[in-house]
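Below: entry.txt (compact mmCIF, C-alpha atoms)
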# COMPACT_ATOMS: atom_id res chain seq x y z
CA MET A 1416 -1.94 -42.87 13.45
CA LEU A 1417 -5.03 -40.95 12.38
CA MET A 1418 -7.12 -43.71 10.88
CA PRO A 1419 -7.82 -45.78 14.03
CA PHE A 1420 -9.50 -42.71 15.48
CA GLY A 1421 -10.98 -41.35 12.24
CA SER A 1422 -14.54 -42.48 12.87
CA ALA A 1423 -14.66 -41.17 16.44
CA TYR A 1424 -13.09 -37.88 15.35
CA THR A 1425 -15.50 -37.48 12.44
CA VAL A 1426 -18.56 -38.13 14.58
CA HIS A 1427 -17.63 -36.42 17.84
CA ASN A 1428 -15.31 -33.60 16.72
CA LEU A 1429 -16.51 -32.80 13.22
CA GLY A 1430 -20.20 -33.28 14.02
CA ILE A 1431 -21.00 -35.75 11.25
CA ASP A 1432 -23.77 -38.24 12.01
CA ILE A 1433 -22.51 -41.81 12.33
CA LEU A 1434 -24.96 -42.84 9.59
CA HIS A 1435 -22.92 -40.78 7.10
CA LEU A 1436 -19.60 -42.57 7.78
CA PRO A 1437 -20.21 -45.19 5.06
CA THR A 1438 -20.80 -42.38 2.56
CA ILE A 1439 -17.50 -40.73 3.46
CA TYR A 1440 -15.60 -44.01 3.14
CA LEU A 1441 -17.42 -45.01 -0.06
CA VAL A 1442 -16.67 -41.74 -1.84
CA SER A 1443 -13.06 -41.73 -0.60
CA GLY A 1444 -12.64 -45.34 -1.73
CA LEU A 1445 -14.11 -44.68 -5.17
CA PHE A 1446 -11.78 -41.73 -5.68
CA SER A 1447 -8.86 -43.89 -4.56
CA ILE A 1448 -9.73 -46.51 -7.18
CA PHE A 1449 -9.47 -43.87 -9.90
CA THR A 1450 -6.58 -41.95 -8.38
CA GLY A 1451 -4.27 -44.95 -7.98
CA PRO A 1452 -3.71 -45.62 -11.70
CA MET A 1453 -3.29 -41.88 -12.36
CA VAL A 1454 -0.61 -41.69 -9.67
CA GLY A 1455 1.13 -44.68 -11.24
CA ARG A 1456 1.14 -42.96 -14.62
CA ALA A 1457 2.39 -39.73 -13.02
CA SER A 1458 5.20 -41.69 -11.35
CA ASP A 1459 6.23 -43.09 -14.72
CA ALA A 1460 5.92 -39.74 -16.49
CA PHE A 1461 7.43 -37.36 -13.92
CA GLY A 1462 9.52 -39.71 -11.82
CA LYS A 1463 8.79 -41.60 -8.66
CA TYR A 1464 10.54 -39.25 -6.26
CA PRO A 1465 8.95 -36.06 -7.66
CA THR A 1466 5.55 -37.76 -7.43
CA PHE A 1467 6.38 -38.80 -3.87
CA MET A 1468 7.34 -35.17 -3.08
CA PHE A 1469 4.02 -33.98 -4.50
CA GLY A 1470 2.13 -36.58 -2.47
CA SER A 1471 4.02 -35.62 0.66
CA ALA A 1472 3.17 -31.94 0.19
CA VAL A 1473 -0.52 -32.71 -0.39
CA SER A 1474 -0.56 -35.09 2.58
CA VAL A 1475 1.06 -32.59 4.92
CA ILE A 1476 -1.38 -29.84 3.95
CA MET A 1477 -4.45 -32.07 4.12
CA VAL A 1478 -3.46 -33.70 7.43
CA LEU A 1479 -3.01 -30.26 8.98
CA ILE A 1480 -6.40 -29.17 7.64
CA TYR A 1481 -8.12 -32.41 8.69
CA THR A 1482 -6.74 -32.44 12.23
CA HIS A 1483 -7.75 -28.81 12.81
CA LEU A 1484 -11.30 -28.92 11.44
CA GLY A 1485 -14.17 -27.92 13.66
CA GLN A 1486 -17.82 -28.71 13.12
CA VAL A 1487 -18.19 -28.88 9.33
CA THR A 1488 -20.58 -30.15 6.69
CA LEU A 1489 -20.56 -33.65 5.25
CA THR A 1490 -19.42 -32.24 1.91
CA THR A 1491 -16.41 -30.58 3.54
CA VAL A 1492 -15.41 -33.80 5.29
CA ILE A 1493 -15.72 -35.76 2.04
CA ILE A 1494 -13.60 -33.25 0.09
CA VAL A 1495 -10.91 -33.14 2.78
CA ASN A 1496 -10.89 -36.94 3.06
CA VAL A 1497 -10.63 -37.41 -0.70
CA LEU A 1498 -7.77 -34.91 -1.01
CA MET A 1499 -5.99 -36.46 1.97
CA PHE A 1500 -6.23 -39.90 0.36
CA VAL A 1501 -4.97 -38.47 -2.95
CA GLY A 1502 -1.90 -37.30 -1.03
CA ILE A 1503 -1.52 -40.64 0.74
CA PHE A 1504 -1.75 -42.63 -2.49
CA SER A 1505 0.61 -40.18 -4.18
CA ARG A 1506 3.14 -41.16 -1.53
CA MET A 1507 2.43 -44.89 -1.27
CA ILE A 1508 2.50 -45.83 -4.93
CA PRO A 1509 5.80 -44.17 -5.93
CA SER A 1510 7.47 -45.16 -2.65
CA GLN A 1511 6.59 -48.81 -3.24
CA ALA A 1512 7.91 -48.56 -6.79
CA LEU A 1513 11.15 -46.98 -5.54
CA ILE A 1514 11.61 -49.44 -2.70
CA SER A 1515 10.99 -52.44 -4.95
CA ALA A 1516 13.95 -51.31 -7.08
CA ILE A 1517 16.38 -51.67 -4.15
CA PRO A 1518 16.94 -55.46 -4.17
CA GLU A 1519 18.17 -57.56 -7.05
CA PRO A 1520 15.31 -59.15 -8.99
CA SER A 1521 16.03 -62.57 -7.46
CA GLN A 1522 15.60 -61.09 -3.95
CA ARG A 1523 12.44 -59.02 -4.54
CA GLY A 1524 10.01 -61.61 -3.19
CA SER A 1525 11.67 -61.98 0.19
CA PHE A 1526 12.41 -58.24 0.31
CA SER A 1527 8.72 -57.49 -0.31
CA ALA A 1528 7.68 -59.93 2.41
CA VAL A 1529 9.97 -58.29 4.95
CA SER A 1530 8.87 -54.85 3.78
CA ALA A 1531 5.18 -55.76 4.19
CA SER A 1532 5.87 -57.14 7.66
CA LEU A 1533 7.65 -53.94 8.66
CA GLN A 1534 4.75 -51.88 7.33
CA GLN A 1535 2.29 -53.87 9.43
CA LEU A 1536 4.51 -53.57 12.49
CA SER A 1537 4.85 -49.82 11.94
CA GLY A 1538 1.09 -49.45 11.63
CA GLY A 1539 0.62 -51.28 14.92
CA ILE A 1540 3.26 -49.22 16.68
CA GLY A 1541 1.75 -46.04 15.23
CA SER A 1542 -1.68 -46.99 16.58
CA VAL A 1543 -0.26 -47.68 20.03
CA LEU A 1544 1.60 -44.36 20.06
CA ALA A 1545 -1.50 -42.54 18.84
CA ALA A 1546 -3.53 -44.12 21.63
CA ALA A 1547 -0.97 -42.81 24.11
CA ILE A 1548 -1.40 -39.27 22.74
CA ILE A 1549 -5.18 -39.14 22.27
CA ALA A 1550 -7.55 -38.48 25.14
CA GLU A 1551 -11.33 -38.66 25.15
CA ASN A 1552 -13.44 -35.87 26.58
CA PRO A 1553 -16.61 -36.69 28.55
CA ASP A 1554 -18.73 -35.86 25.47
CA GLY A 1555 -16.83 -38.41 23.37
CA SER A 1556 -14.80 -35.85 21.40
CA LEU A 1557 -11.08 -36.45 21.06
CA ARG A 1558 -8.49 -34.22 22.61
CA HIS A 1559 -4.99 -33.87 21.12
CA PHE A 1560 -6.00 -35.09 17.66
CA ASP A 1561 -4.10 -32.11 16.31
CA TRP A 1562 -0.98 -33.47 18.04
CA LEU A 1563 -1.36 -36.65 15.99
CA GLY A 1564 -1.42 -34.44 12.90
CA TYR A 1565 1.89 -32.87 13.92
CA VAL A 1566 3.43 -36.30 14.45
CA VAL A 1567 2.18 -37.47 11.03
CA VAL A 1568 3.52 -34.31 9.37
CA THR A 1569 6.90 -34.74 11.08
CA THR A 1570 7.19 -38.37 10.02
CA SER A 1571 6.13 -37.42 6.49
CA ILE A 1572 8.92 -34.85 6.29
CA ILE A 1573 11.42 -37.35 7.69
CA SER A 1574 10.29 -39.96 5.16
CA LEU A 1575 10.68 -37.38 2.39
CA ILE A 1576 14.31 -36.87 3.40
CA VAL A 1577 14.96 -40.60 3.83
CA MET A 1578 13.34 -41.36 0.47
CA TYR A 1579 15.66 -38.85 -1.18
CA PHE A 1580 18.63 -40.90 -0.04
CA VAL A 1581 16.89 -44.16 -1.02
CA GLN A 1582 16.23 -42.97 -4.55
CA ARG A 1583 19.74 -41.58 -5.19
CA PRO A 1584 21.51 -44.93 -5.81
CA ILE A 1585 18.51 -46.16 -7.80
CA ALA A 1586 18.64 -43.02 -9.93
CA LYS A 1587 22.39 -43.46 -10.47
CA ARG A 1588 21.86 -47.03 -11.66
CA ALA A 1589 19.18 -45.80 -14.04
CA GLY A 1590 21.31 -42.83 -15.14
CA LYS A 1591 18.69 -40.25 -14.12
CA ARG A 1592 18.53 -37.43 -11.62
CA PHE A 1593 15.25 -38.60 -10.01
CA VAL A 1594 13.71 -41.97 -10.60

As structure tokens, what does this structure read like?
Amino acid sequence: MLMPFGSAYTVHNLGIDILHLPTIYLVSGLFSIFTGPMVGRASDAFGKYPTFMFGSAVSVIMVLIYTHLGQVTLTTVIIVNVLMFVGIFSRMIPSQALISAIPEPSQRGSFSAVSASLQQLSGGIGSVLAAAIIAENPDGSLRHFDWLGYVVVTTSIISLIVMYFVQRPIAKRAGKRFV
């Protein structure tokens, strides 16, 4: 919900020159490349659900910070973006690992295809809903971006609860408390 409006928000609300957007995305992307494997190792070492909980907590905090920023420096935007993406990847990677354990091995391909389709559909619906919430001021700044943050936080908390119930039968099969 936030990403379709991220560039406009960064330029018009946070006061970052449009020429610096590639720098923000480059640094965030580079950190994501290095963070992803570390999150995978953390999921294996500490469990997928605990890693997902950690990622959810980081995401909630960083989304609230990001959606309530005022005019800030480029460095601040980069740090907030990087930490927000650390939270996002710390949710995505363990959740995909948990979800892929739901079907029998012979059904994983079709399950993954349906799952990917649902993710794309959800992203589209989220963008449409976000567009219904967001309003543009005459100066180009976005109004109600903080409301999007509240929606993202709420859905993150709901997904945390749902993921708890998803991981329980997987954990029982594996003989562990949290997978």

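Distances here use only C-alpha atoms; by that measure, the residue among A:Val1487, A:Val1567, A:Leu1575, A:Ala1516 closest to Gly1541 in chain A is A:Val1567.
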
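Shortest atom-to-atom contact with Thr1466 in chain A among A:Leu1434, A:Ser1510, A:Phe1449, A:His1483: A:Ser1510, counting all atoms listed in the file.
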
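Reported to one decimal place, the separation of CA of Val1497 in chain A from CA of Ser1458 in chain A is 19.6 Å.
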
(message) I want to know what sits within 12 Å of Asn1552 in chain A, based on all atoms listed in the file, with residues of the same chain fewer than 6 positions away left out; could you give that as a ChimeraX atom specification?
(response) /A:1423-1424,1427-1428,1558-1560

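Every protein, DNA or RNA residue with an atom at most 10 Å from Tyr1440 in chain A, where only C-alpha atoms count and chain neighbours fewer than 5 positions away do not, is listed here: Ser1422, His1435, Leu1445, Phe1446, Ile1493, Asn1496 and Val1497 of chain A.
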
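Remark: for Phe1504 in chain A, the closest of the candidate residues A:Leu1417, A:Val1581, A:Val1454, A:Val1442 is A:Val1454 (distances computed over all atoms listed in the file).
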
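With distances taken over all atoms listed in the file, A:Pro1465 is the one residue among A:Pro1452, A:Gly1502, A:Pro1465, A:Pro1419 lying closest to Tyr1579 in chain A.
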
(request) Figure out the distance between CA of Thr1450 in chain A and CA of Ser1474 in chain A, please, to one decimal in Å. (result) 14.3 Å

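Among the candidates A:Ala1545, A:Ala1589, A:Ile1494, A:Ala1512, the one nearest to Leu1557 in chain A when counting all atoms listed in the file is A:Ala1545.
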
(request) Rounded to one decimal place, report the CA of Val1473 in chain A-CA of Ile1572 in chain A distance in Å. (result) 11.8 Å

(message) I'd like the neighbourhood of Ser1542 in chain A as a PyMOL selection string, where a residue qualifies if any of its atoms comes within 10 Å (using all atoms listed in the file), though same-chain residues fewer than 5 positions away should be ignored.
(response) chain A and resi 1416-1420+1536-1537+1547-1548

Near-Thr1488 in chain A list (12 Å; all atoms listed in the file; drop same-chain fewer than 6 positions) as a PDB file with C-alpha atoms, keeping the file's coordinate frame:
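Final output, result15.pdb:
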ATOM      1  CA  THR A1425     -15.500 -37.480  12.440  1.00  0.00           C
ATOM      2  CA  VAL A1426     -18.560 -38.130  14.580  1.00  0.00           C
ATOM      3  CA  ASN A1428     -15.310 -33.600  16.720  1.00  0.00           C
ATOM      4  CA  LEU A1429     -16.510 -32.800  13.220  1.00  0.00           C
ATOM      5  CA  GLY A1430     -20.200 -33.280  14.020  1.00  0.00           C
ATOM      6  CA  ILE A1431     -21.000 -35.750  11.250  1.00  0.00           C
ATOM      7  CA  ASP A1432     -23.770 -38.240  12.010  1.00  0.00           C
ATOM      8  CA  HIS A1435     -22.920 -40.780   7.100  1.00  0.00           C
ATOM      9  CA  ILE A1439     -17.500 -40.730   3.460  1.00  0.00           C
ATOM     10  CA  ILE A1494     -13.600 -33.250   0.090  1.00  0.00           C
ATOM     11  CA  VAL A1495     -10.910 -33.140   2.780  1.00  0.00           C
TER      12      VAL A1495
END

(request) Return the single residue from A:Ile1576, A:Val1568, A:Ala1457, A:Ile1433 that is closest to Pro1509 in chain A, with distances computed using all atoms listed in the file. (result) A:Ala1457

(request) Give me the residues within 12 Å of Gly1462 in chain A as number ranges by chain, counting only C-alpha atoms and dropping any in the same chain fewer than 5 places off. (result) A: 1454-1457, 1467-1469, 1505, 1508-1510, 1512-1513, 1582, 1585-1586, 1589, 1591-1594
